[in-house]
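Chemist: Sharing model_1.cif (mmCIF, C-alpha atoms) below.
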```
data_work
#
loop_
_atom_site.group_PDB
_atom_site.id
_atom_site.type_symbol
_atom_site.label_atom_id
_atom_site.label_comp_id
_atom_site.auth_asym_id
_atom_site.auth_seq_id
_atom_site.Cartn_x
_atom_site.Cartn_y
_atom_site.Cartn_z
ATOM 1 C CA MET A 1 -25.549 59.174 12.650
ATOM 2 C CA LYS A 2 -27.810 57.053 14.796
ATOM 3 C CA LEU A 3 -31.041 56.012 13.255
ATOM 4 C CA LYS A 4 -33.655 55.131 15.781
ATOM 5 C CA LEU A 5 -36.127 52.702 14.327
ATOM 6 C CA ASP A 6 -39.635 54.009 14.849
ATOM 7 C CA LYS A 7 -41.731 51.057 15.933
ATOM 8 C CA ASN A 8 -44.711 52.675 14.240
ATOM 9 C CA LEU A 9 -42.872 52.072 10.967
ATOM 10 C CA VAL A 10 -42.075 48.383 11.293
ATOM 11 C CA PHE A 11 -44.639 45.838 10.147
ATOM 12 C CA ILE A 12 -44.657 42.070 10.069
ATOM 13 C CA ASP A 13 -46.920 39.617 8.315
ATOM 14 C CA LEU A 14 -48.227 42.123 5.773
ATOM 15 C CA ASP A 15 -50.803 40.478 3.607
ATOM 16 C CA PHE A 16 -50.294 42.210 0.275
ATOM 17 C CA GLU A 17 -49.551 40.623 -3.033
ATOM 18 C CA LYS A 18 -49.255 43.644 -5.284
ATOM 19 C CA LYS A 19 -46.221 45.828 -4.921
ATOM 20 C CA GLU A 20 -48.324 48.984 -5.399
ATOM 21 C CA ASP A 21 -50.375 48.067 -2.319
ATOM 22 C CA ILE A 22 -47.257 47.557 -0.217
ATOM 23 C CA LEU A 23 -45.712 50.778 -1.482
ATOM 24 C CA ASN A 24 -48.899 52.711 -0.716
ATOM 25 C CA PHE A 25 -49.209 51.177 2.721
ATOM 26 C CA LEU A 26 -45.639 51.987 3.818
ATOM 27 C CA SER A 27 -45.520 55.439 2.244
ATOM 28 C CA ASN A 28 -48.812 56.382 3.866
ATOM 29 C CA LYS A 29 -47.468 55.267 7.237
ATOM 30 C CA LEU A 30 -44.505 57.584 6.728
ATOM 31 C CA LEU A 31 -46.981 60.323 5.838
ATOM 32 C CA GLU A 32 -49.238 59.583 8.806
ATOM 33 C CA HIS A 33 -46.283 59.955 11.209
ATOM 34 C CA ASP A 34 -45.170 63.157 9.513
ATOM 35 C CA TYR A 35 -41.872 61.964 8.048
ATOM 36 C CA VAL A 36 -42.789 62.863 4.465
ATOM 37 C CA LYS A 37 -44.832 65.309 2.404
ATOM 38 C CA PRO A 38 -48.251 64.422 0.934
ATOM 39 C CA GLU A 39 -46.705 64.016 -2.535
ATOM 40 C CA TYR A 40 -44.344 61.277 -1.345
ATOM 41 C CA PRO A 41 -46.628 58.219 -1.801
ATOM 42 C CA LYS A 42 -47.340 59.041 -5.440
ATOM 43 C CA ALA A 43 -43.679 59.796 -6.104
ATOM 44 C CA ILE A 44 -42.705 56.386 -4.687
ATOM 45 C CA ILE A 45 -45.038 54.593 -7.092
ATOM 46 C CA GLU A 46 -43.874 56.633 -10.083
ATOM 47 C CA ARG A 47 -40.212 56.177 -9.301
ATOM 48 C CA GLU A 48 -40.523 52.439 -8.803
ATOM 49 C CA LYS A 49 -41.878 52.193 -12.356
ATOM 50 C CA ILE A 50 -38.900 53.990 -13.879
ATOM 51 C CA TYR A 51 -36.124 52.924 -11.487
ATOM 52 C CA PRO A 52 -37.174 49.707 -9.764
ATOM 53 C CA THR A 53 -35.535 48.875 -6.452
ATOM 54 C CA GLY A 54 -35.671 45.089 -6.113
ATOM 55 C CA LEU A 55 -32.356 43.615 -4.992
ATOM 56 C CA PRO A 56 -31.419 39.965 -5.411
ATOM 57 C CA SER A 57 -30.005 38.401 -2.279
ATOM 58 C CA LEU A 58 -28.469 35.156 -1.122
ATOM 59 C CA GLY A 59 -31.086 35.174 1.614
ATOM 60 C CA VAL A 60 -34.387 36.940 1.135
ATOM 61 C CA ASN A 61 -34.873 39.389 -1.717
ATOM 62 C CA ILE A 62 -35.343 42.956 -0.554
ATOM 63 C CA ALA A 63 -36.718 46.086 -2.201
ATOM 64 C CA ILE A 64 -35.539 49.545 -1.145
ATOM 65 C CA PRO A 65 -38.074 52.007 -2.603
ATOM 66 C CA HIS A 66 -37.238 55.677 -2.172
ATOM 67 C CA ALA A 67 -38.181 59.019 -3.696
ATOM 68 C CA ASP A 68 -36.920 62.558 -4.137
ATOM 69 C CA ASN A 69 -35.371 63.899 -0.918
ATOM 70 C CA GLU A 70 -37.298 67.154 -1.338
ATOM 71 C CA LEU A 71 -40.430 65.244 -0.378
ATOM 72 C CA VAL A 72 -39.001 64.177 2.982
ATOM 73 C CA HIS A 73 -39.369 66.091 6.269
ATOM 74 C CA LYS A 74 -37.309 63.860 8.444
ATOM 75 C CA THR A 75 -35.000 60.969 7.589
ATOM 76 C CA SER A 76 -36.433 57.598 8.460
ATOM 77 C CA ILE A 77 -37.018 54.101 7.262
ATOM 78 C CA ALA A 78 -40.231 52.076 7.082
ATOM 79 C CA ILE A 79 -39.848 48.303 7.057
ATOM 80 C CA GLY A 80 -42.474 45.799 5.964
ATOM 81 C CA MET A 81 -42.133 42.041 6.085
ATOM 82 C CA LEU A 82 -44.520 40.270 3.733
ATOM 83 C CA LYS A 83 -46.509 37.208 4.604
ATOM 84 C CA ASN A 84 -46.105 36.018 1.035
ATOM 85 C CA SER A 85 -43.667 37.418 -1.450
ATOM 86 C CA ALA A 86 -44.519 40.117 -3.987
ATOM 87 C CA LYS A 87 -43.008 40.732 -7.395
ATOM 88 C CA PHE A 88 -40.675 43.700 -7.695
ATOM 89 C CA CYS A 89 -38.528 44.451 -10.726
ATOM 90 C CA SER A 90 -34.780 44.222 -10.314
ATOM 91 C CA MET A 91 -32.818 47.463 -9.991
ATOM 92 C CA GLU A 92 -30.352 46.092 -12.500
ATOM 93 C CA ASN A 93 -32.795 44.765 -15.034
ATOM 94 C CA ILE A 94 -36.196 46.371 -15.298
ATOM 95 C CA GLU A 95 -37.578 43.320 -17.105
ATOM 96 C CA LYS A 96 -36.562 40.836 -14.442
ATOM 97 C CA GLU A 97 -38.979 40.165 -11.593
ATOM 98 C CA LEU A 98 -37.843 39.166 -8.120
ATOM 99 C CA ASP A 99 -39.902 37.630 -5.326
ATOM 100 C CA VAL A 100 -39.441 40.164 -2.552
ATOM 101 C CA LYS A 101 -40.215 39.464 1.098
ATOM 102 C CA ILE A 102 -38.799 42.524 2.840
ATOM 103 C CA VAL A 103 -39.483 46.103 1.799
ATOM 104 C CA MET A 104 -37.285 48.796 3.337
ATOM 105 C CA MET A 105 -38.662 52.163 2.306
ATOM 106 C CA LEU A 106 -36.075 54.903 2.636
ATOM 107 C CA ALA A 107 -37.063 58.456 3.440
ATOM 108 C CA ILE A 108 -33.878 60.449 3.036
ATOM 109 C CA LYS A 109 -33.968 64.168 3.685
ATOM 110 C CA GLU A 110 -30.390 65.320 3.113
ATOM 111 C CA ALA A 111 -29.066 64.978 -0.416
ATOM 112 C CA HIS A 112 -25.691 63.975 0.996
ATOM 113 C CA GLY A 113 -24.499 62.899 4.376
ATOM 114 C CA GLN A 114 -26.853 59.933 4.650
ATOM 115 C CA ILE A 115 -24.044 57.592 3.841
ATOM 116 C CA GLU A 116 -23.911 55.953 7.258
ATOM 117 C CA MET A 117 -27.598 55.188 7.294
ATOM 118 C CA LEU A 118 -27.443 53.778 3.787
ATOM 119 C CA GLN A 119 -24.425 51.661 4.620
ATOM 120 C CA LYS A 120 -26.325 50.255 7.570
ATOM 121 C CA VAL A 121 -29.242 49.373 5.336
ATOM 122 C CA VAL A 122 -26.809 47.696 2.954
ATOM 123 C CA SER A 123 -25.253 45.755 5.838
ATOM 124 C CA ILE A 124 -28.717 44.340 6.552
ATOM 125 C CA ILE A 125 -29.300 43.523 2.882
ATOM 126 C CA GLN A 126 -25.974 41.656 2.712
ATOM 127 C CA ASN A 127 -26.661 39.670 5.879
ATOM 128 C CA ASP A 128 -28.603 36.702 4.546
ATOM 129 C CA THR A 129 -28.804 34.996 7.949
ATOM 130 C CA LEU A 130 -30.435 38.062 9.452
ATOM 131 C CA THR A 131 -32.902 38.601 6.614
ATOM 132 C CA ARG A 132 -33.950 34.939 6.720
ATOM 133 C CA GLU A 133 -34.427 35.147 10.481
ATOM 134 C CA ILE A 134 -36.534 38.302 10.547
ATOM 135 C CA THR A 135 -38.948 37.088 7.900
ATOM 136 C CA LYS A 136 -39.733 34.082 10.077
ATOM 137 C CA MET A 137 -40.493 36.085 13.193
ATOM 138 C CA THR A 138 -44.006 36.531 14.507
ATOM 139 C CA ASP A 139 -43.205 39.066 17.211
ATOM 140 C CA LYS A 140 -42.596 42.626 16.031
ATOM 141 C CA ASN A 141 -40.596 43.548 19.116
ATOM 142 C CA LYS A 142 -38.166 40.746 18.391
ATOM 143 C CA VAL A 143 -37.716 42.038 14.863
ATOM 144 C CA LEU A 144 -36.960 45.495 16.254
ATOM 145 C CA THR A 145 -34.479 44.043 18.731
ATOM 146 C CA MET A 146 -32.729 42.149 15.939
ATOM 147 C CA LEU A 147 -32.543 45.091 13.564
ATOM 148 C CA GLU A 148 -31.576 47.835 15.969
ATOM 149 C CA PRO A 149 -27.927 46.837 16.473
ATOM 150 C CA TYR A 150 -27.473 47.098 12.710
ATOM 151 C CA LEU A 151 -29.009 50.545 12.499
ATOM 152 C CA ASN A 152 -27.592 52.232 15.587
ATOM 153 C CA MET B 1 -5.820 60.605 -10.512
ATOM 154 C CA LYS B 2 -8.592 58.673 -12.226
ATOM 155 C CA ARG B 3 -12.169 59.813 -11.910
ATOM 156 C CA VAL B 4 -15.197 57.607 -11.483
ATOM 157 C CA LEU B 5 -18.775 58.662 -12.148
ATOM 158 C CA VAL B 6 -21.258 56.681 -10.062
ATOM 159 C CA ALA B 7 -24.886 56.842 -11.175
ATOM 160 C CA CYS B 8 -28.230 55.744 -9.778
ATOM 161 C CA GLY B 9 -31.832 56.841 -10.270
ATOM 162 C CA ASN B 10 -31.593 60.130 -8.411
ATOM 163 C CA GLY B 11 -27.822 60.342 -7.921
ATOM 164 C CA ILE B 12 -28.219 60.365 -4.166
ATOM 165 C CA ALA B 13 -29.109 57.080 -2.537
ATOM 166 C CA THR B 14 -27.578 53.897 -3.870
ATOM 167 C CA SER B 15 -24.803 55.703 -5.752
ATOM 168 C CA THR B 16 -23.627 57.126 -2.409
ATOM 169 C CA VAL B 17 -23.101 53.667 -0.971
ATOM 170 C CA VAL B 18 -21.472 52.329 -4.125
ATOM 171 C CA ALA B 19 -19.145 55.349 -4.418
ATOM 172 C CA SER B 20 -18.058 54.869 -0.819
ATOM 173 C CA LYS B 21 -17.345 51.179 -1.342
ATOM 174 C CA ILE B 22 -15.286 51.955 -4.452
ATOM 175 C CA ARG B 23 -13.268 54.593 -2.574
ATOM 176 C CA ASP B 24 -12.619 52.247 0.352
ATOM 177 C CA TYR B 25 -11.436 49.491 -1.953
ATOM 178 C CA ALA B 26 -9.244 51.842 -4.015
ATOM 179 C CA GLU B 27 -7.639 53.151 -0.845
ATOM 180 C CA LYS B 28 -6.952 49.617 0.333
ATOM 181 C CA GLU B 29 -5.364 48.860 -3.037
ATOM 182 C CA GLY B 30 -3.342 52.074 -2.919
ATOM 183 C CA VAL B 31 -5.045 53.561 -5.990
ATOM 184 C CA ASP B 32 -5.752 57.274 -5.897
ATOM 185 C CA ILE B 33 -9.213 58.040 -7.275
ATOM 186 C CA LYS B 34 -11.989 60.573 -7.087
ATOM 187 C CA THR B 35 -15.693 59.738 -7.306
ATOM 188 C CA GLU B 36 -18.606 61.888 -8.353
ATOM 189 C CA GLN B 37 -22.289 61.010 -8.477
ATOM 190 C CA CYS B 38 -25.086 61.753 -10.872
ATOM 191 C CA LYS B 39 -28.472 60.600 -12.051
ATOM 192 C CA LEU B 40 -28.580 57.750 -14.563
ATOM 193 C CA MET B 41 -30.166 60.038 -17.130
ATOM 194 C CA GLU B 42 -27.162 62.380 -16.866
ATOM 195 C CA VAL B 43 -24.645 59.661 -17.774
ATOM 196 C CA PRO B 44 -24.820 60.106 -21.578
ATOM 197 C CA GLY B 45 -24.042 63.810 -21.148
ATOM 198 C CA LYS B 46 -21.354 63.553 -18.461
ATOM 199 C CA GLY B 47 -19.883 60.071 -18.783
ATOM 200 C CA ASP B 48 -17.227 60.860 -21.388
ATOM 201 C CA ASN B 49 -15.460 63.216 -18.986
ATOM 202 C CA TYR B 50 -14.593 60.360 -16.629
ATOM 203 C CA ASP B 51 -12.323 57.302 -16.695
ATOM 204 C CA LEU B 52 -15.072 54.918 -15.607
ATOM 205 C CA VAL B 53 -18.827 54.880 -15.096
ATOM 206 C CA VAL B 54 -20.388 52.614 -12.453
ATOM 207 C CA THR B 55 -24.171 52.272 -12.313
ATOM 208 C CA THR B 56 -26.570 50.663 -9.856
ATOM 209 C CA GLY B 57 -29.573 50.823 -12.150
ATOM 210 C CA GLN B 58 -30.161 49.667 -15.684
ATOM 211 C CA PHE B 59 -28.243 51.803 -18.141
ATOM 212 C CA GLY B 60 -28.943 51.479 -21.823
ATOM 213 C CA GLY B 61 -27.474 54.759 -23.012
ATOM 214 C CA GLN B 62 -24.402 55.378 -25.137
ATOM 215 C CA VAL B 63 -21.125 56.506 -23.612
ATOM 216 C CA ASN B 64 -17.499 56.078 -24.718
ATOM 217 C CA THR B 65 -16.215 55.484 -21.181
ATOM 218 C CA PRO B 66 -16.255 51.886 -19.870
ATOM 219 C CA VAL B 67 -19.372 51.112 -17.815
ATOM 220 C CA VAL B 68 -19.431 48.612 -14.945
ATOM 221 C CA ALA B 69 -22.687 47.395 -13.349
ATOM 222 C CA GLY B 70 -22.275 47.986 -9.623
ATOM 223 C CA LEU B 71 -25.343 46.375 -8.096
ATOM 224 C CA SER B 72 -23.270 43.622 -6.513
ATOM 225 C CA LEU B 73 -21.733 46.233 -4.215
ATOM 226 C CA LEU B 74 -25.212 46.648 -2.714
ATOM 227 C CA THR B 75 -26.287 43.019 -2.688
ATOM 228 C CA GLY B 76 -22.908 41.510 -1.843
ATOM 229 C CA ILE B 77 -23.327 38.842 -4.525
ATOM 230 C CA GLY B 78 -20.175 38.871 -6.660
ATOM 231 C CA LYS B 79 -18.838 41.958 -4.871
ATOM 232 C CA GLU B 80 -15.150 40.987 -5.041
ATOM 233 C CA GLU B 81 -15.235 40.361 -8.793
ATOM 234 C CA THR B 82 -16.935 43.701 -9.398
ATOM 235 C CA LEU B 83 -14.418 45.575 -7.243
ATOM 236 C CA LYS B 84 -11.530 43.914 -9.094
ATOM 237 C CA GLU B 85 -13.073 44.814 -12.439
ATOM 238 C CA ILE B 86 -13.553 48.421 -11.318
ATOM 239 C CA ILE B 87 -10.003 48.769 -10.063
ATOM 240 C CA SER B 88 -8.590 47.269 -13.277
ATOM 241 C CA TYR B 89 -9.816 50.386 -15.094
ATOM 242 C CA LEU B 90 -8.329 52.738 -12.515
ATOM 243 C CA LYS B 91 -4.729 51.606 -12.106
#
```
Transcribe the structure of this file into structure tokens.

Modeler:
Amino acid sequence: MKLKLDKNLVFIDLDFEKKEDILNFLSNKLLEHDYVKPEYPKAIIEREKIYPTGLPSLGVNIAIPHADNELVHKTSIAIGMLKNSAKFCSMENIEKELDVKIVMMLAIKEAHGQIEMLQKVVSIIQNDTLTREITKMTDKNKVLTMLEPYLN
Amino acid sequence: MKRVLVACGNGIATSTVVASKIRDYAEKEGVDIKTEQCKLMEVPGKGDNYDLVVTTGQFGGQVNTPVVAGLSLLTGIGKEETLKEIISYLK
């Protein structure tokens, strides 16, 4: 499955310090562009509390917030690069905080069959050179150009 | 054939990736396995029917089956060690 990155859903230099603000910003962008249902933003916040999505990395720590697939109209991904890092709890240990610089919010419609898209996201997460590079970039189009080969 | 239960928050997203990585590795090692996915909260009820449980999230529940933390299969940090540990339960 090819996943076309929607440039309306990629953001650089986001100036948020609280994870709730980042989560609300990205989820509302998904809502604004009609990828998700109105309940999605709240569900993202609630789910992050119970099942946090921060992932430690050799490069830049990444969070992959997501919510119930029933709240998604159309599969997509919203990506936010933070100007400064924000604290997210680790997926593995709810009491451990990680300084996250990239948030990849997953909107997954189909309960199954999204494996390719998820594997692509994981290939980005595991590529520490790439994640370090994209957090340094100041031109959104360059970020899109760098990420697209990994997602298509 | 040994059966692996892979669990994450909703049983859909990260467990899908982890299950696929376990299957790929098992195939490479010539070990015949089957994976199924569930929500973390379902593990205490279902886990005992499997040979191994692998989780991506924090699991504090009780289950008699061995449990392996599988987050490294997402992050890549310590991936090989985790895959070896997983396969050691499935041979």

Chemist: For chain B, work out the contacting residues on chain A at 9 Å, counting all atoms listed in the file, and write them as number ranges by chain.

Modeler: A: 47, 50-53, 55-58, 66-69, 90-94, 106, 108, 111-116, 118-119, 122-123, 125-127

Chemist: Could you jot down the atom CA of Val10 of chain A to atom CA of His73 of chain A separation for me, Å, one decimal place?

Modeler: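 Going from atom CA of Val10 of chain A over to atom CA of His73 of chain A, I get 18.6 Å.
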
Chemist: List as a count of residues only the protein and nucleic acid residues near Tyr25 of chain B, meaning an atom at most 12 Å away when all atoms listed in the file are counted, but skip any in the same chain fewer than 2 places from it.

Modeler: 24

Chemist: Hey, what comes out of the PyMOL selection byres ((chain A and resi 24-27) around 10) on this file? Could you write it as an mmCIF file with C-alpha atoms, in the frame of the given file?

Modeler:
```cif
data_model
loop_
_atom_site.group_PDB
_atom_site.id
_atom_site.type_symbol
_atom_site.label_atom_id
_atom_site.label_comp_id
_atom_site.auth_asym_id
_atom_site.auth_seq_id
_atom_site.Cartn_x
_atom_site.Cartn_y
_atom_site.Cartn_z
ATOM 1 C CA LEU A 9 -42.872 52.072 10.967
ATOM 2 C CA VAL A 10 -42.075 48.383 11.293
ATOM 3 C CA PHE A 11 -44.639 45.838 10.147
ATOM 4 C CA LEU A 14 -48.227 42.123 5.773
ATOM 5 C CA PHE A 16 -50.294 42.210 0.275
ATOM 6 C CA LYS A 19 -46.221 45.828 -4.921
ATOM 7 C CA GLU A 20 -48.324 48.984 -5.399
ATOM 8 C CA ASP A 21 -50.375 48.067 -2.319
ATOM 9 C CA ILE A 22 -47.257 47.557 -0.217
ATOM 10 C CA LEU A 23 -45.712 50.778 -1.482
ATOM 11 C CA ASN A 28 -48.812 56.382 3.866
ATOM 12 C CA LYS A 29 -47.468 55.267 7.237
ATOM 13 C CA LEU A 30 -44.505 57.584 6.728
ATOM 14 C CA LEU A 31 -46.981 60.323 5.838
ATOM 15 C CA GLU A 32 -49.238 59.583 8.806
ATOM 16 C CA TYR A 35 -41.872 61.964 8.048
ATOM 17 C CA VAL A 36 -42.789 62.863 4.465
ATOM 18 C CA LYS A 37 -44.832 65.309 2.404
ATOM 19 C CA PRO A 38 -48.251 64.422 0.934
ATOM 20 C CA GLU A 39 -46.705 64.016 -2.535
ATOM 21 C CA TYR A 40 -44.344 61.277 -1.345
ATOM 22 C CA PRO A 41 -46.628 58.219 -1.801
ATOM 23 C CA LYS A 42 -47.340 59.041 -5.440
ATOM 24 C CA ALA A 43 -43.679 59.796 -6.104
ATOM 25 C CA ILE A 44 -42.705 56.386 -4.687
ATOM 26 C CA ILE A 45 -45.038 54.593 -7.092
ATOM 27 C CA PRO A 65 -38.074 52.007 -2.603
ATOM 28 C CA HIS A 66 -37.238 55.677 -2.172
ATOM 29 C CA ILE A 77 -37.018 54.101 7.262
ATOM 30 C CA ALA A 78 -40.231 52.076 7.082
ATOM 31 C CA ILE A 79 -39.848 48.303 7.057
ATOM 32 C CA GLY A 80 -42.474 45.799 5.964
ATOM 33 C CA VAL A 103 -39.483 46.103 1.799
ATOM 34 C CA MET A 104 -37.285 48.796 3.337
ATOM 35 C CA MET A 105 -38.662 52.163 2.306
ATOM 36 C CA LEU A 106 -36.075 54.903 2.636
ATOM 37 C CA ALA A 107 -37.063 58.456 3.440
#
```

Chemist: Nearest to Ile62 of chain A among A:Ile134, A:Leu147, A:Leu5, A:Ile102, with distances taken over only C-alpha atoms: which residue is it?

Modeler: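 Nearest to Ile62 of chain A: A:Ile102.
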
Chemist: Pick out the closest residue to Asn8 of chain A from this set: A:Lys109, A:Lys140, A:Tyr150, A:Thr145. Count all atoms listed in the file.

Modeler: A:Lys140

Chemist: Which neighbours of segment 50-53 of chain B fall inside 10 Å, counting all atoms listed in the file, when residues of the same chain fewer than 3 positions from it are skipped, and could you give them as a VMD selection string?

Modeler: chain B and resid 1 to 7 33 to 37 43 46 to 47 63 to 70 86 to 87 89 to 90

Chemist: So the first atom is atom CA of Thr135 of chain A and the second is atom CA of Glu148 of chain A; what is the distance between them in Å, to one decimal place?

Modeler: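 Taking atom CA of Thr135 of chain A and atom CA of Glu148 of chain A, their separation equals 15.3 Å.
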
Chemist: Taking all atoms listed in the file into account, name the residue in A:Glu48, A:Asp6, A:Asp99, A:Asp15 that is nearest to Leu151 of chain A.

Modeler: A:Asp6

Chemist: Could you complete segment 40-67 of chain B so that it carries N, CA and C atoms, and give it back as a PDB file, keeping the file's coordinate frame?

Modeler:
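The resulting file, part-v4.pdb, is shown below:
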```pdb
ATOM      1  N   LEU B  40     -28.805  58.612 -13.396  1.00  0.00           N
ATOM      2  CA  LEU B  40     -28.580  57.750 -14.563  1.00  0.00           C
ATOM      3  C   LEU B  40     -28.797  58.497 -15.869  1.00  0.00           C
ATOM      4  N   MET B  41     -29.845  59.338 -15.884  1.00  0.00           N
ATOM      5  CA  MET B  41     -30.166  60.038 -17.130  1.00  0.00           C
ATOM      6  C   MET B  41     -29.112  61.088 -17.511  1.00  0.00           C
ATOM      7  N   GLU B  42     -28.228  61.412 -16.567  1.00  0.00           N
ATOM      8  CA  GLU B  42     -27.162  62.380 -16.866  1.00  0.00           C
ATOM      9  C   GLU B  42     -25.902  61.714 -17.429  1.00  0.00           C
ATOM     10  N   VAL B  43     -25.858  60.371 -17.357  1.00  0.00           N
ATOM     11  CA  VAL B  43     -24.645  59.661 -17.774  1.00  0.00           C
ATOM     12  C   VAL B  43     -24.265  59.918 -19.236  1.00  0.00           C
ATOM     13  N   PRO B  44     -25.222  59.854 -20.184  1.00  0.00           N
ATOM     14  CA  PRO B  44     -24.820  60.106 -21.578  1.00  0.00           C
ATOM     15  C   PRO B  44     -24.162  61.479 -21.758  1.00  0.00           C
ATOM     16  N   GLY B  45     -24.612  62.467 -21.014  1.00  0.00           N
ATOM     17  CA  GLY B  45     -24.042  63.810 -21.148  1.00  0.00           C
ATOM     18  C   GLY B  45     -22.713  63.991 -20.423  1.00  0.00           C
ATOM     19  N   LYS B  46     -22.534  63.330 -19.301  1.00  0.00           N
ATOM     20  CA  LYS B  46     -21.354  63.553 -18.461  1.00  0.00           C
ATOM     21  C   LYS B  46     -20.289  62.467 -18.579  1.00  0.00           C
ATOM     22  N   GLY B  47     -20.745  61.248 -18.906  1.00  0.00           N
ATOM     23  CA  GLY B  47     -19.883  60.071 -18.783  1.00  0.00           C
ATOM     24  C   GLY B  47     -18.530  60.173 -19.469  1.00  0.00           C
ATOM     25  N   ASP B  48     -18.475  60.830 -20.625  1.00  0.00           N
ATOM     26  CA  ASP B  48     -17.227  60.860 -21.388  1.00  0.00           C
ATOM     27  C   ASP B  48     -16.120  61.661 -20.706  1.00  0.00           C
ATOM     28  N   ASN B  49     -16.484  62.432 -19.699  1.00  0.00           N
ATOM     29  CA  ASN B  49     -15.460  63.216 -18.986  1.00  0.00           C
ATOM     30  C   ASN B  49     -14.782  62.443 -17.860  1.00  0.00           C
ATOM     31  N   TYR B  50     -15.143  61.170 -17.729  1.00  0.00           N
ATOM     32  CA  TYR B  50     -14.593  60.360 -16.629  1.00  0.00           C
ATOM     33  C   TYR B  50     -13.832  59.155 -17.180  1.00  0.00           C
ATOM     34  N   ASP B  51     -13.071  58.487 -16.292  1.00  0.00           N
ATOM     35  CA  ASP B  51     -12.323  57.302 -16.695  1.00  0.00           C
ATOM     36  C   ASP B  51     -13.170  56.046 -16.624  1.00  0.00           C
ATOM     37  N   LEU B  52     -14.219  56.100 -15.777  1.00  0.00           N
ATOM     38  CA  LEU B  52     -15.072  54.918 -15.607  1.00  0.00           C
ATOM     39  C   LEU B  52     -16.447  55.369 -15.125  1.00  0.00           C
ATOM     40  N   VAL B  53     -17.468  54.651 -15.589  1.00  0.00           N
ATOM     41  CA  VAL B  53     -18.827  54.880 -15.096  1.00  0.00           C
ATOM     42  C   VAL B  53     -19.278  53.611 -14.383  1.00  0.00           C
ATOM     43  N   VAL B  54     -19.817  53.754 -13.180  1.00  0.00           N
ATOM     44  CA  VAL B  54     -20.388  52.614 -12.453  1.00  0.00           C
ATOM     45  C   VAL B  54     -21.855  52.944 -12.185  1.00  0.00           C
ATOM     46  N   THR B  55     -22.744  51.994 -12.501  1.00  0.00           N
ATOM     47  CA  THR B  55     -24.171  52.272 -12.313  1.00  0.00           C
ATOM     48  C   THR B  55     -24.800  51.238 -11.376  1.00  0.00           C
ATOM     49  N   THR B  56     -25.820  51.646 -10.645  1.00  0.00           N
ATOM     50  CA  THR B  56     -26.570  50.663  -9.856  1.00  0.00           C
ATOM     51  C   THR B  56     -27.858  50.283 -10.568  1.00  0.00           C
ATOM     52  N   GLY B  57     -28.335  51.127 -11.435  1.00  0.00           N
ATOM     53  CA  GLY B  57     -29.573  50.823 -12.150  1.00  0.00           C
ATOM     54  C   GLY B  57     -29.264  50.353 -13.561  1.00  0.00           C
ATOM     55  N   GLN B  58     -30.324  50.106 -14.302  1.00  0.00           N
ATOM     56  CA  GLN B  58     -30.161  49.667 -15.684  1.00  0.00           C
ATOM     57  C   GLN B  58     -29.778  50.862 -16.540  1.00  0.00           C
ATOM     58  N   PHE B  59     -28.681  50.713 -17.287  1.00  0.00           N
ATOM     59  CA  PHE B  59     -28.243  51.803 -18.141  1.00  0.00           C
ATOM     60  C   PHE B  59     -28.136  51.323 -19.573  1.00  0.00           C
ATOM     61  N   GLY B  60     -28.961  51.923 -20.439  1.00  0.00           N
ATOM     62  CA  GLY B  60     -28.943  51.479 -21.823  1.00  0.00           C
ATOM     63  C   GLY B  60     -28.399  52.535 -22.764  1.00  0.00           C
ATOM     64  N   GLY B  61     -27.923  53.640 -22.192  1.00  0.00           N
ATOM     65  CA  GLY B  61     -27.474  54.759 -23.012  1.00  0.00           C
ATOM     66  C   GLY B  61     -26.099  54.529 -23.626  1.00  0.00           C
ATOM     67  N   GLN B  62     -25.692  55.469 -24.463  1.00  0.00           N
ATOM     68  CA  GLN B  62     -24.402  55.378 -25.137  1.00  0.00           C
ATOM     69  C   GLN B  62     -23.384  56.280 -24.455  1.00  0.00           C
ATOM     70  N   VAL B  63     -22.207  55.714 -24.185  1.00  0.00           N
ATOM     71  CA  VAL B  63     -21.125  56.506 -23.612  1.00  0.00           C
ATOM     72  C   VAL B  63     -19.815  55.835 -24.018  1.00  0.00           C
ATOM     73  N   ASN B  64     -18.770  56.650 -24.261  1.00  0.00           N
ATOM     74  CA  ASN B  64     -17.499  56.078 -24.718  1.00  0.00           C
ATOM     75  C   ASN B  64     -16.649  55.514 -23.577  1.00  0.00           C
ATOM     76  N   THR B  65     -16.941  55.954 -22.361  1.00  0.00           N
ATOM     77  CA  THR B  65     -16.215  55.484 -21.181  1.00  0.00           C
ATOM     78  C   THR B  65     -16.691  54.065 -20.843  1.00  0.00           C
ATOM     79  N   PRO B  66     -15.775  53.211 -20.310  1.00  0.00           N
ATOM     80  CA  PRO B  66     -16.255  51.886 -19.870  1.00  0.00           C
ATOM     81  C   PRO B  66     -17.313  52.002 -18.769  1.00  0.00           C
ATOM     82  N   VAL B  67     -18.298  51.110 -18.814  1.00  0.00           N
ATOM     83  CA  VAL B  67     -19.372  51.112 -17.815  1.00  0.00           C
ATOM     84  C   VAL B  67     -19.359  49.767 -17.078  1.00  0.00           C
TER      85      VAL B  67
END
```
